[in-house]
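Enquirer: So I've got this file, run_21.cif, and it contains mmCIF, C-alpha atoms:
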data_target
loop_
_atom_site.label_atom_id
_atom_site.label_comp_id
_atom_site.auth_asym_id
_atom_site.auth_seq_id
_atom_site.Cartn_x
_atom_site.Cartn_y
_atom_site.Cartn_z
CA MET A 1 158.16 65.02 73.57
CA LEU A 2 155.02 64.93 71.43
CA GLY A 3 155.31 61.21 70.69
CA GLU A 4 156.23 60.12 74.21
CA LEU A 5 153.16 61.64 75.89
CA SER A 6 150.78 60.51 73.17
CA GLU A 7 152.02 56.92 73.55
CA LYS A 8 151.56 57.14 77.34
CA TYR A 9 148.02 58.37 76.78
CA LEU A 10 147.20 55.54 74.39
CA GLU A 11 148.59 53.02 76.86
CA TYR A 12 146.59 54.66 79.68
CA SER A 13 143.40 54.62 77.57
CA SER A 14 143.78 51.06 76.33
CA VAL A 15 142.73 49.78 79.77
CA SER A 16 139.15 51.00 79.24
CA MET A 17 138.82 50.88 75.43
CA THR A 18 138.43 48.31 72.72
CA GLU A 19 141.30 47.75 70.28
CA ARG A 20 139.26 49.49 67.60
CA SER A 21 138.78 52.59 69.76
CA VAL A 22 142.48 52.69 70.63
CA ALA A 23 143.26 52.50 66.90
CA GLN A 24 140.92 55.44 66.23
CA TYR A 25 142.54 57.43 69.04
CA ARG A 26 146.01 56.56 67.76
CA ASN A 27 145.06 57.67 64.24
CA ALA A 28 143.58 60.99 65.40
CA ILE A 29 146.44 61.87 67.76
CA THR A 30 149.14 60.78 65.30
CA ARG A 31 147.64 62.93 62.55
CA LEU A 32 147.48 65.93 64.90
CA GLN A 33 151.03 65.28 66.10
CA GLU A 34 152.36 65.11 62.52
CA TRP A 35 150.52 68.29 61.57
CA LEU A 36 151.87 70.14 64.61
CA GLN A 37 155.43 68.98 63.89
CA ARG A 38 155.14 70.24 60.30
CA HIS A 39 154.16 73.60 61.81
CA GLY A 40 157.15 73.72 64.15
CA VAL A 41 155.47 72.72 67.43
CA LYS A 42 157.77 70.66 69.63
CA SER A 43 155.70 70.10 72.80
CA TRP A 44 152.06 69.69 73.75
CA ARG A 45 152.43 72.52 76.25
CA ALA A 46 153.25 74.92 73.38
CA VAL A 47 150.09 74.18 71.36
CA THR A 48 147.91 77.29 71.00
CA PRO A 49 144.16 77.59 70.41
CA ALA A 50 144.94 79.28 67.07
CA GLN A 51 146.97 76.26 65.94
CA LEU A 52 144.19 73.85 66.88
CA SER A 53 141.66 76.09 65.11
CA ASP A 54 143.84 75.91 62.00
CA TYR A 55 144.00 72.15 62.44
CA ARG A 56 140.21 72.01 62.62
CA VAL A 57 140.05 73.82 59.28
CA HIS A 58 142.65 71.36 57.95
CA LEU A 59 140.44 68.46 59.09
CA SER A 60 137.40 69.92 57.35
CA ARG A 61 139.30 69.91 54.04
CA GLN A 62 140.43 66.28 54.23
CA PRO A 63 138.86 63.79 51.82
CA GLY A 64 135.96 61.78 53.18
CA LYS A 65 135.34 58.05 52.87
CA ARG A 66 132.48 58.54 50.41
CA GLY A 67 134.01 61.32 48.35
CA GLY A 68 133.88 65.01 49.10
CA THR A 69 135.34 66.17 52.40
CA ALA A 70 135.35 64.62 55.87
CA SER A 71 131.93 64.52 57.49
CA GLU A 72 131.05 66.77 60.39
CA TYR A 73 130.74 63.64 62.53
CA THR A 74 134.33 62.59 61.70
CA ILE A 75 135.64 66.05 62.56
CA LEU A 76 133.72 66.09 65.86
CA GLN A 77 134.95 62.59 66.70
CA ARG A 78 138.55 63.71 66.21
CA ALA A 79 137.87 66.90 68.18
CA ALA A 80 136.52 64.81 71.09
CA ILE A 81 139.63 62.62 71.00
CA ILE A 82 141.88 65.68 71.01
CA ARG A 83 139.97 67.23 73.92
CA ALA A 84 140.17 63.97 75.87
CA PHE A 85 143.92 63.85 75.23
CA PHE A 86 144.39 67.42 76.45
CA ASN A 87 142.28 66.61 79.54
CA TYR A 88 144.66 63.70 80.19
CA LEU A 89 147.66 66.02 79.84
CA ARG A 90 146.06 68.39 82.36
CA ASP A 91 144.88 65.78 84.86
CA ILE A 92 147.82 63.36 84.77
CA HIS A 93 150.76 65.51 83.71
CA GLY A 94 149.74 68.90 85.14
CA MET A 95 149.74 70.69 81.77
CA ASP A 96 147.02 73.29 82.04
CA ASN A 97 146.69 73.93 78.32
CA ARG A 98 143.08 74.81 77.48
CA SER A 99 143.76 75.10 73.76
CA ALA A 100 141.60 72.10 72.81
CA VAL A 101 138.59 73.37 74.78
CA LEU A 102 138.92 76.79 73.16
CA ALA A 103 139.46 75.44 69.63
CA PHE A 104 136.78 72.74 69.87
CA PRO A 105 134.09 74.26 72.12
CA ASP A 106 131.09 72.46 70.66
CA LEU A 107 131.07 68.70 70.15
CA THR A 108 127.56 68.18 68.82
CA VAL A 109 126.53 67.49 65.24
CA ARG A 110 124.40 70.36 64.02
CA ASN A 111 122.58 68.68 61.16
CA GLU A 112 121.69 65.48 62.98
CA ALA A 113 117.99 64.98 63.62
CA GLU A 114 116.97 65.55 67.20
CA THR A 115 115.80 62.41 68.92
CA LYS A 116 112.82 62.53 71.21
CA PRO A 117 110.98 59.87 73.16
CA LEU A 118 107.79 58.38 71.81
CA THR A 119 104.57 59.89 73.14
CA PRO A 120 102.13 57.59 74.98
CA GLU A 121 99.91 57.63 71.90
CA GLU A 122 102.83 56.61 69.65
CA LEU A 123 103.71 53.79 72.07
CA ASP A 124 100.11 52.54 71.95
CA ILE A 125 100.28 52.46 68.14
CA LEU A 126 103.66 50.66 68.23
CA TRP A 127 102.42 47.95 70.61
CA ALA A 128 99.12 47.50 68.76
CA THR A 129 100.95 47.10 65.46
CA CYS A 130 103.52 44.67 66.89
CA ARG A 131 100.92 42.46 68.63
CA LYS A 132 99.66 41.42 65.20
CA ASP A 133 102.99 39.65 64.58
CA PRO A 134 104.30 37.74 67.64
CA PRO A 135 107.94 37.43 66.46
CA ILE A 136 108.10 41.17 65.73
CA TYR A 137 106.45 41.89 69.09
CA ALA A 138 109.08 39.76 70.84
CA ILE A 139 111.92 41.58 69.08
CA VAL A 140 110.55 45.09 69.72
CA ALA A 141 109.68 44.30 73.34
CA THR A 142 113.17 42.86 73.92
CA MET A 143 114.81 45.95 72.46
CA PHE A 144 112.47 48.31 74.32
CA PHE A 145 112.80 46.72 77.76
CA THR A 146 116.51 45.83 77.67
CA GLY A 147 117.97 48.66 75.58
CA ILE A 148 119.86 46.30 73.28
CA ARG A 149 120.59 47.39 69.73
CA HIS A 150 118.78 45.98 66.72
CA THR A 151 122.01 44.43 65.43
CA GLU A 152 122.44 42.66 68.78
CA VAL A 153 118.95 41.17 68.48
CA ILE A 154 119.59 40.05 64.92
CA THR A 155 122.95 38.42 65.70
CA CYS A 156 122.05 36.93 69.09
CA PRO A 157 122.33 33.13 69.00
CA LEU A 158 119.56 31.08 70.60
CA THR A 159 122.18 29.64 72.96
CA GLY A 160 122.47 33.14 74.44
CA LEU A 161 118.87 33.08 75.70
CA SER A 162 118.06 31.94 79.20
CA ILE A 163 114.29 32.14 79.60
CA LYS A 164 114.44 30.58 83.07
CA ASP A 165 116.83 33.29 84.33
CA GLY A 166 115.33 36.06 82.16
CA GLU A 167 118.74 36.86 80.67
CA ILE A 168 120.24 37.31 77.24
CA THR A 169 123.98 36.95 76.73
CA LEU A 170 125.17 38.63 73.56
CA ARG A 171 128.12 40.11 71.74
CA GLY A 172 127.80 43.90 71.77
CA LYS A 173 129.73 46.80 70.29
CA GLY A 174 133.43 46.17 70.01
CA GLY A 175 132.88 42.43 70.32
CA LYS A 176 132.30 42.67 74.08
CA ILE A 177 130.21 39.92 75.66
CA ARG A 178 127.48 41.26 77.94
CA THR A 179 124.36 40.01 79.68
CA VAL A 180 121.07 41.90 79.84
#
Could you take the file, read its structure, and then write that structure out as C-alpha cells?
Expert:
Amino acid sequence: MLGELSEKYLEYSSVSMTERSVAQYRNAITRLQEWLQRHGVKSWRAVTPAQLSDYRVHLSRQPGKRGGTASEYTILQRAAIIRAFFNYLRDIHGMDNRSAVLAFPDLTVRNEAETKPLTPEELDILWATCRKDPPIYAIVATMFFTGIRHTEVITCPLTGLSIKDGEITLRGKGGKIRTV
C-alpha cells in the first residue's frame, strides 16, 4: 500500500511540477518509504510522529554532497515534501494522519541570513552607482522592475527582447519559457 499511494501522489503532482521537481519528490518519498518498510510499517495510515522524528534524525546523519552530513536545507526540503505528501493523503484519500506536521513543525532554515528590503538611501546609492555604467544600469533596472533572476538576465538571448512591446521572453527555472 505504501508504493501505490506514493505513485498516485507523484502522478497527481506531475501536472504542476517540472520533471526535476518530480524526481526530487520521488527520491524523497522513496527513501522514506524504504526506511518505513525496514521498520515494519506497512501503510501510510500507520505512520506515527515518533517514526517520522526518528526518520528526521536518520536524514540528519546521511552523507552530504560536499562531505560531512546532509545540509539543513536538504533536510528541510525533504521534510516539506513529506508534509506535502501527507497533506495529499489527507485531502485526497481522507487519511487524517498528522504525523508529518508533528514531526516536521518548522520548515525554515535557522542559519540562513535574513533578507530585508533595501532602504530608500541604499536604493539611491545603488541607482547612482549603476548610472555610471549604462549596461550595468540596464541589467539592474531590468532585474529590479521585472523580478527576473540574475541567471535569467545573463542567459537571455537578444531575440527574446521586444522593446516595442516592452517584453522579455526567457527560459526560467526548470527550463520553463516565460514572458515578463
Enquirer: Once the PyMOL selection byres ((chain A and resi 23-30) around 7) has been evaluated on this model, what residues remain selected, and can you format them as a list in words?
Expert: Leu10, Glu19, Arg20, Ser21, Val22, Arg31, Leu32, Gln33, Glu34, Arg78, Ile81 and Ile82 of chain A
Enquirer: With C-alpha atoms kept, could you save the residues just selected as an mmCIF file, in the frame of the given file?
Expert:
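Output file out18.cif is given in full below:
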data_model
loop_
_atom_site.group_PDB
_atom_site.id
_atom_site.type_symbol
_atom_site.label_atom_id
_atom_site.label_comp_id
_atom_site.auth_asym_id
_atom_site.auth_seq_id
_atom_site.Cartn_x
_atom_site.Cartn_y
_atom_site.Cartn_z
ATOM 1 C CA LEU A 10 147.200 55.540 74.390
ATOM 2 C CA GLU A 19 141.300 47.750 70.280
ATOM 3 C CA ARG A 20 139.260 49.490 67.600
ATOM 4 C CA SER A 21 138.780 52.590 69.760
ATOM 5 C CA VAL A 22 142.480 52.690 70.630
ATOM 6 C CA ARG A 31 147.640 62.930 62.550
ATOM 7 C CA LEU A 32 147.480 65.930 64.900
ATOM 8 C CA GLN A 33 151.030 65.280 66.100
ATOM 9 C CA GLU A 34 152.360 65.110 62.520
ATOM 10 C CA ARG A 78 138.550 63.710 66.210
ATOM 11 C CA ILE A 81 139.630 62.620 71.000
ATOM 12 C CA ILE A 82 141.880 65.680 71.010
#
Enquirer: Using all atoms listed in the file, pick whichever of A:Phe104, A:Asp96, A:Lys65, A:Ala138 has the shortest atom-to-atom distance to Gln77 of chain A.
Expert: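 For Gln77 of chain A, the nearest of the given residues is A:Phe104.
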Enquirer: Please identify all polymer residues within 9 Å of Ala80 of chain A, counting all atoms listed in the file, omitting same-chain residues fewer than 4 positions from it, and present them as number ranges by chain.
Expert: A: 75-76, 84-85, 104, 107
Enquirer: Hey, can you check how far atom CA of Arg149 of chain A sits from atom CA of Thr74 of chain A?
Expert: 22.0 Å
Enquirer: Quick one: distance from atom CA of Glu167 of chain A to atom CA of Leu126 of chain A in Å, one decimal?
Expert: 23.9 Å
Enquirer: To one decimal place in Å, what is the distance between atom CA of Gln37 of chain A and atom CA of Asp106 of chain A?
Expert: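 It comes out at 25.5 Å.
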Enquirer: In the coordinates of the file, take the point (152.6, 69.7, 65.1) and a cut-off of 12 Å; then, counting all atoms listed in the file, name each qualifying protein, DNA or RNA residue as an NGL selection string.
Expert: :A and (1-3 or 29-48 or 51-52 or 54-55)
Enquirer: With all atoms listed in the file as the atoms that count, which of A:Glu72, A:Leu158, A:Arg98, A:Leu89 lies nearest to Tyr12 of chain A?
Expert: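 Among the listed residues, A:Leu89 lies closest to Tyr12 of chain A.
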Enquirer: Every residue with an atom at most 6 Å from (125.3, 36.7, 78.5) (file coordinates; all atoms listed in the file) is what I'm after, so could you write them as a list in words?
Expert: Ile168, Thr169, Leu170, Arg178 and Thr179 of chain A
Enquirer: Excluding Thr146 of chain A and residues on its chain fewer than 4 positions from it, collect all residues at most 9 Å away from it, counting only C-alpha atoms, and give them as a list in words.
Expert: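 My list of contacting residues is Ala141, Thr142 and Val180 of chain A.
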Enquirer: Generate a file of the selected residues that holds C-alpha atoms, formatted as a tab-separated table (two decimals), keeping the file's coordinate frame.
Expert:
chain	number	residue	atom	x	y	z
A	141	ALA	CA	109.68	44.30	73.34
A	142	THR	CA	113.17	42.86	73.92
A	180	VAL	CA	121.07	41.90	79.84
Enquirer: Evaluated on this file, the PyMOL selection byres ((chain A and resi 150) around 12) picks out some residues - which ones are they, written as an MDAnalysis selection string?
Expert: chainID A and resid 136 139:144 146:149 151:156 170 172:173
Enquirer: Looking at A:Ser99, A:Val57, A:Gly166, A:Arg66, which one is nearest to Phe145 of chain A, with distances taken over all atoms listed in the file?
Expert: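 For Phe145 of chain A, the nearest of the given residues is A:Gly166.
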